[in-house]
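Quick look at target-v1.json (JSON, C-alpha atoms and all ligand atoms):
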[["chain", "number", "residue", "atom", "x", "y", "z"],
["A", 28, "MET", "CA", -151.93, 14.19, -7.94],
["A", 29, "VAL", "CA", -150.41, 17.42, -9.21],
["A", 30, "ILE", "CA", -147.91, 16.89, -12.00],
["A", 31, "THR", "CA", -144.69, 18.91, -12.03],
["A", 32, "GLU", "CA", -142.06, 19.93, -14.54],
["A", 33, "PRO", "CA", -140.62, 18.46, -16.76],
["A", 34, "ASN", "CA", -143.89, 16.62, -17.61],
["A", 35, "PRO", "CA", -144.55, 17.61, -21.27],
["A", 36, "ILE", "CA", -148.32, 18.03, -20.72],
["A", 37, "LEU", "CA", -147.53, 21.26, -18.83],
["A", 38, "ARG", "CA", -146.01, 22.64, -22.04],
["A", 39, "LYS", "CA", -148.89, 21.82, -24.39],
["A", 40, "ILE", "CA", -151.64, 24.14, -25.62],
["A", 41, "ALA", "CA", -154.70, 22.67, -23.91],
["A", 42, "GLN", "CA", -157.79, 21.83, -26.00],
["A", 43, "PRO", "CA", -161.21, 23.50, -25.56],
["A", 44, "ILE", "CA", -163.98, 21.78, -23.61],
["A", 45, "THR", "CA", -166.64, 20.87, -26.19],
["A", 46, "SER", "CA", -169.11, 18.79, -24.18],
["A", 47, "PHE", "CA", -171.19, 20.36, -21.40],
["A", 48, "SER", "CA", -173.82, 19.43, -18.79],
["A", 49, "ASN", "CA", -172.41, 15.93, -18.29],
["A", 50, "LYS", "CA", -170.97, 13.80, -15.51],
["A", 51, "GLU", "CA", -167.47, 13.70, -17.02],
["A", 52, "LEU", "CA", -167.20, 17.49, -16.79],
["A", 53, "ASP", "CA", -168.76, 17.58, -13.30],
["A", 54, "ASP", "CA", -166.28, 14.92, -12.13],
["A", 55, "LEU", "CA", -163.34, 16.87, -13.60],
["A", 56, "ILE", "CA", -164.49, 20.05, -11.81],
["A", 57, "GLU", "CA", -164.88, 18.16, -8.53],
["A", 58, "LEU", "CA", -161.40, 16.62, -8.90],
["A", 59, "LEU", "CA", -159.86, 20.03, -9.63],
["A", 60, "PHE", "CA", -161.41, 21.59, -6.50],
["A", 61, "LYS", "CA", -160.49, 18.59, -4.32],
["A", 62, "THR", "CA", -156.88, 18.49, -5.56],
["A", 63, "MET", "CA", -156.50, 22.27, -5.21],
["A", 64, "GLN", "CA", -157.76, 22.16, -1.63],
["A", 65, "ASP", "CA", -155.62, 19.12, -0.71],
["A", 66, "LYS", "CA", -152.52, 20.99, -1.94],
["A", 67, "ASN", "CA", -153.53, 24.37, -0.47],
["A", 68, "GLY", "CA", -153.57, 25.93, -3.93],
["A", 69, "VAL", "CA", -155.35, 29.19, -4.71],
["A", 70, "GLY", "CA", -156.13, 27.89, -8.22],
["A", 71, "LEU", "CA", -155.61, 24.75, -10.29],
["A", 72, "SER", "CA", -155.82, 24.07, -14.02],
["A", 73, "ALA", "CA", -156.63, 20.76, -15.71],
["A", 74, "PRO", "CA", -153.16, 20.37, -17.32],
["A", 75, "GLN", "CA", -151.71, 20.28, -13.79],
["A", 76, "ILE", "CA", -153.61, 17.06, -13.10],
["A", 77, "GLY", "CA", -152.68, 15.60, -16.49],
["A", 78, "VAL", "CA", -155.80, 16.65, -18.44],
["A", 79, "SER", "CA", -154.94, 18.87, -21.41],
["A", 80, "LYS", "CA", -158.24, 20.81, -21.44],
["A", 81, "ARG", "CA", -159.03, 24.54, -21.16],
["A", 82, "ILE", "CA", -160.55, 24.57, -17.70],
["A", 83, "PHE", "CA", -159.43, 25.73, -14.27],
["A", 84, "VAL", "CA", -160.86, 26.43, -10.82],
["A", 85, "TYR", "CA", -159.85, 28.87, -8.10],
["A", 86, "GLY", "CA", -161.00, 30.36, -4.84],
["A", 87, "PHE", "CA", -160.42, 30.14, -1.10],
["A", 88, "GLU", "CA", -161.33, 31.71, 2.23],
["A", 89, "ILE", "CA", -157.91, 31.65, 3.84],
["A", 90, "ASN", "CA", -154.82, 30.27, 2.12],
["A", 91, "LYS", "CA", -151.63, 29.02, 3.80],
["A", 92, "ARG", "CA", -149.50, 29.60, 0.72],
["A", 93, "TYR", "CA", -150.65, 33.25, 0.40],
["A", 94, "PRO", "CA", -151.62, 34.28, 3.96],
["A", 95, "ASP", "CA", -151.93, 37.96, 3.02],
["A", 96, "ALA", "CA", -154.37, 37.34, 0.16],
["A", 97, "PRO", "CA", -158.00, 38.40, 0.66],
["A", 98, "PRO", "CA", -160.72, 35.73, 0.22],
["A", 99, "VAL", "CA", -161.61, 34.95, -3.41],
["A", 100, "PRO", "CA", -164.95, 33.30, -4.36],
["A", 101, "LYS", "CA", -164.86, 29.70, -5.62],
["A", 102, "THR", "CA", -165.02, 29.91, -9.40],
["A", 103, "ILE", "CA", -164.99, 27.56, -12.42],
["A", 104, "ILE", "CA", -163.55, 28.92, -15.68],
["A", 105, "ILE", "CA", -163.98, 27.07, -18.99],
["A", 106, "ASN", "CA", -162.56, 28.05, -22.42],
["A", 107, "PRO", "CA", -161.52, 31.56, -21.30],
["A", 108, "GLU", "CA", -160.79, 34.28, -23.87],
["A", 109, "ILE", "CA", -159.13, 37.48, -22.68],
["A", 110, "LEU", "CA", -160.88, 40.60, -24.03],
["A", 111, "ASN", "CA", -158.90, 43.34, -22.31],
["A", 112, "VAL", "CA", -156.06, 43.76, -19.83],
["A", 113, "SER", "CA", -155.31, 46.90, -17.81],
["A", 114, "THR", "CA", -152.13, 48.79, -18.52],
["A", 115, "ASP", "CA", -151.78, 49.10, -14.72],
["A", 116, "SER", "CA", -149.73, 46.21, -13.42],
["A", 117, "ILE", "CA", -148.64, 44.82, -10.06],
["A", 118, "ASP", "CA", -145.42, 42.98, -9.13],
["A", 119, "LEU", "CA", -145.89, 40.16, -6.62],
["A", 120, "GLU", "CA", -144.00, 37.04, -5.64],
["A", 121, "GLU", "CA", -145.82, 34.04, -7.03],
["A", 122, "GLY", "CA", -145.49, 30.26, -6.78],
["A", 123, "CYS", "CA", -147.02, 27.27, -8.55],
["A", 124, "LEU", "CA", -147.96, 23.76, -7.41],
["A", 125, "SER", "CA", -146.33, 22.44, -10.62],
["A", 126, "VAL", "CA", -143.07, 24.30, -9.89],
["A", 127, "PRO", "CA", -142.70, 23.30, -6.22],
["A", 128, "HIS", "CA", -140.45, 25.13, -3.78],
["A", 129, "ARG", "CA", -139.79, 28.00, -6.17],
["A", 130, "ARG", "CA", -141.13, 31.53, -6.16],
["A", 131, "GLY", "CA", -140.48, 34.60, -8.26],
["A", 132, "ILE", "CA", -141.66, 38.17, -8.73],
["A", 133, "ILE", "CA", -144.06, 38.31, -11.66],
["A", 134, "THR", "CA", -145.60, 41.43, -13.21],
["A", 135, "ARG", "CA", -149.30, 40.90, -13.97],
["A", 136, "SER", "CA", -152.05, 43.24, -15.15],
["A", 137, "LYS", "CA", -154.06, 44.66, -12.26],
["A", 138, "SER", "CA", -157.41, 43.97, -13.96],
["A", 139, "ILE", "CA", -158.58, 41.79, -16.82],
["A", 140, "VAL", "CA", -161.83, 41.35, -18.72],
["A", 141, "PHE", "CA", -162.50, 37.94, -20.23],
["A", 142, "THR", "CA", -165.19, 35.52, -21.30],
["A", 143, "SER", "CA", -165.74, 32.09, -19.82],
["A", 144, "MET", "CA", -168.31, 29.33, -20.22],
["A", 145, "ASP", "CA", -170.26, 27.78, -17.39],
["A", 146, "PRO", "CA", -170.60, 23.98, -16.96],
["A", 147, "ASP", "CA", -173.76, 24.14, -19.12],
["A", 148, "GLY", "CA", -171.84, 25.77, -21.98],
["A", 149, "LYS", "CA", -173.28, 29.26, -21.55],
["A", 150, "ILE", "CA", -170.84, 32.12, -22.31],
["A", 151, "TYR", "CA", -170.54, 35.02, -19.87],
["A", 152, "GLN", "CA", -168.21, 37.98, -19.40],
["A", 153, "LYS", "CA", -166.25, 38.58, -16.22],
["A", 154, "THR", "CA", -163.99, 41.35, -14.89],
["A", 155, "VAL", "CA", -161.50, 40.57, -12.11],
["A", 156, "HIS", "CA", -159.01, 42.68, -10.20],
["A", 157, "ASP", "CA", -155.86, 42.40, -8.06],
["A", 158, "PHE", "CA", -155.13, 38.94, -6.60],
["A", 159, "GLU", "CA", -158.05, 37.32, -8.45],
["A", 160, "ALA", "CA", -156.79, 38.84, -11.72],
["A", 161, "ARG", "CA", -153.35, 37.40, -10.93],
["A", 162, "ILE", "CA", -154.79, 33.91, -10.39],
["A", 163, "VAL", "CA", -156.75, 34.06, -13.66],
["A", 164, "GLN", "CA", -153.67, 35.18, -15.62],
["A", 165, "HIS", "CA", -151.55, 32.44, -13.99],
["A", 166, "GLU", "CA", -154.11, 29.73, -14.79],
["A", 167, "ILE", "CA", -154.67, 30.94, -18.39],
["A", 168, "ASP", "CA", -150.88, 30.68, -18.76],
["A", 169, "HIS", "CA", -151.18, 26.99, -17.79],
["A", 170, "LEU", "CA", -153.73, 26.45, -20.57],
["A", 171, "ASN", "CA", -151.12, 27.83, -22.99],
["A", 172, "GLY", "CA", -148.15, 25.83, -21.68],
["A", 173, "ILE", "CA", -146.57, 28.79, -19.85],
["A", 174, "LEU", "CA", -145.04, 28.43, -16.36],
["A", 175, "ILE", "CA", -143.77, 30.91, -13.76],
["A", 176, "SER", "CA", -140.22, 30.06, -14.80],
["A", 177, "ASP", "CA", -141.05, 31.76, -18.13],
["A", 178, "ARG", "CA", -142.46, 34.88, -16.48],
["A", 179, "ALA", "CA", -140.08, 35.57, -13.59],
["A", 180, "SER", "CA", -136.53, 36.69, -14.29],
["A", 181, "VAL", "CA", -135.36, 34.86, -11.14],
["A", 182, "LEU", "CA", -136.92, 32.10, -9.03],
["A", 183, "ARG", "CA", -135.82, 31.67, -5.44],
["A", 184, "SER", "CA", -135.99, 28.48, -3.38],
["A", 185, "THR", "CA", -138.63, 28.35, -0.65],
["A", 186, "ASP", "CA", -139.90, 25.81, 1.89],
["A", 187, "ILE", "CA", -143.44, 26.41, 0.64],
["A", 188, "ALA", "CA", -144.51, 23.63, -1.71],
["B", 201, "ZN", "ZN", -149.43, 27.12, -11.52]]
Could the structure of this file be written out as structure tokens, please?
Amino acid sequence: MVITEPNPILRKIAQPITSFSNKELDDLIELLFKTMQDKNGVGLSAPQIGVSKRIFVYGFEINKRYPDAPPVPKTIIINPEILNVSTDSIDLEEGCLSVPHRRGIITRSKSIVFTSMDPDGKIYQKTVHDFEARIVQHEIDHLNGILISDRASVLRSTDIA
């Protein structure tokens, strides 16, 4: 189940993952991927399924909600910390499974550099661009209680969930 506004968990600062290489974390990752795929999401964060933890997943081959988006590899991000964002930005209409049937133009950095941890707790650095950078920025917003309604000046109604 994907929770939607006005559920207060979507507005909380999520807590870091502190325990790695265990079944609880593996099960959470599996549930995030399964829920994202069931809802045709391009990404999904733990707060959106009611778990206030700093973890999200993303990735798809073809996506119904963003048919023009190029494929993005399936990725797990844990405890991300942004190191650098490009001054170049892109405006694109964006939606959110937790803000259903609404979309708005959001300005996001074209590229970002950040650190993540893997499911074994190892830290690595990652650089992402374009649509993937947009997804990462959107999902990090979820970990900080920020929704598209805070980023877009106007949201329009759409049939797309
Ligand atoms: Zn979202």
- Message: Counting all atoms listed in the file, what are the residues, protein, DNA or RNA alike, that approach ligand ZN 201 (chain B) to within 7 Å? I want them as a PyMOL selection string.
- Response: chain A and resi 71+122-125+165-166+169+174
Export of prior selection with C-alpha atoms as a PDB file, in the frame of the given file:
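Output saved as out-v4.pdb:
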ATOM      1  CA  LEU A  71    -155.610  24.750 -10.290  1.00  0.00           C
ATOM      2  CA  GLY A 122    -145.490  30.260  -6.780  1.00  0.00           C
ATOM      3  CA  CYS A 123    -147.020  27.270  -8.550  1.00  0.00           C
ATOM      4  CA  LEU A 124    -147.960  23.760  -7.410  1.00  0.00           C
ATOM      5  CA  SER A 125    -146.330  22.440 -10.620  1.00  0.00           C
ATOM      6  CA  HIS A 165    -151.550  32.440 -13.990  1.00  0.00           C
ATOM      7  CA  GLU A 166    -154.110  29.730 -14.790  1.00  0.00           C
ATOM      8  CA  HIS A 169    -151.180  26.990 -17.790  1.00  0.00           C
ATOM      9  CA  LEU A 174    -145.040  28.430 -16.360  1.00  0.00           C
TER      10      LEU A 174
END
- Message: Rounded to one decimal, what separation in Å do you get between atom CA of A:Asp53 and atom CA of A:Glu108?
- Response: 21.3 Å
- Quick one: residues within 12 Å of (-157.5, 34.9, -0.5) (file frame), counting only C-alpha atoms, please, as an MDAnalysis selection string. chainID A and resid 67:70 85:101 157:162
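Counting all atoms listed in the file, the residue from A:Asp177, A:Asp186, A:Glu121, A:Asp145 that sits nearest to A:Ser48 is A:Asp145.
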- Message: List the spatial neighbours of A:Phe47 as a PyMOL selection string - criterion: any atom at most 10 Å away, all atoms listed in the file, same-chain residues fewer than 5 positions off excluded.
- Response: chain A and resi 52-53+144-149
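Here atom CA of A:Met28 stands at a distance of 14.4 Å from atom CA of A:Ile56.
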- Task: Pick out the closest residue to A:Thr114 from this set: A:Thr102, A:Arg38, A:Pro127, A:Ile139. Count only C-alpha atoms.
- Result: A:Ile139
I'd like the box whose edges run along x, y and z of the file and which contains every listed atom of stretch 132-139 of chain A, padded by 8 Å per side; could you state its centre and edge lengths in Å, one decimal, as lines of an AutoDock Vina configuration file?
center_x = -150.1
center_y = 41.4
center_z = -12.8
size_x = 32.9
size_y = 22.5
size_z = 24.1
- Quote the spacing between atom CA of A:Asp65 and atom CA of A:Val29 in Å to one decimal place. 10.1 Å
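The smallest atom-to-atom distance between A:Lys137 and any of A:Ser184, A:Thr31, A:Gln152, A:Ser113, using all atoms listed in the file, is found for A:Ser113.
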Can you build me a table of stretch 44-145 of chain A residues sitting at most 12 Å from stretch 33-36 of chain A, with the closest atom pair per residue and its distance in Å to one decimal, using all atoms listed in the file, sorted by chain and residue number, as CSV?
residue,atom,partner,partner_atom,distance
A:Ser72,CA,A:Ile36,CA,11.7
A:Ala73,CA,A:Ile36,CA,10.1
A:Pro74,CA,A:Ile36,CA,6.4
A:Gln75,CA,A:Ile36,CA,8.0
A:Ile76,CA,A:Ile36,CA,9.3
A:Gly77,CA,A:Ile36,CA,6.5
A:Val78,CA,A:Ile36,CA,7.9
A:Ser79,CA,A:Ile36,CA,6.7
A:Lys80,CA,A:Ile36,CA,10.3
A:Ser125,CA,A:Pro33,CA,9.3
A:Val126,CA,A:Pro33,CA,9.3
A:Pro127,CA,A:Pro33,CA,11.8
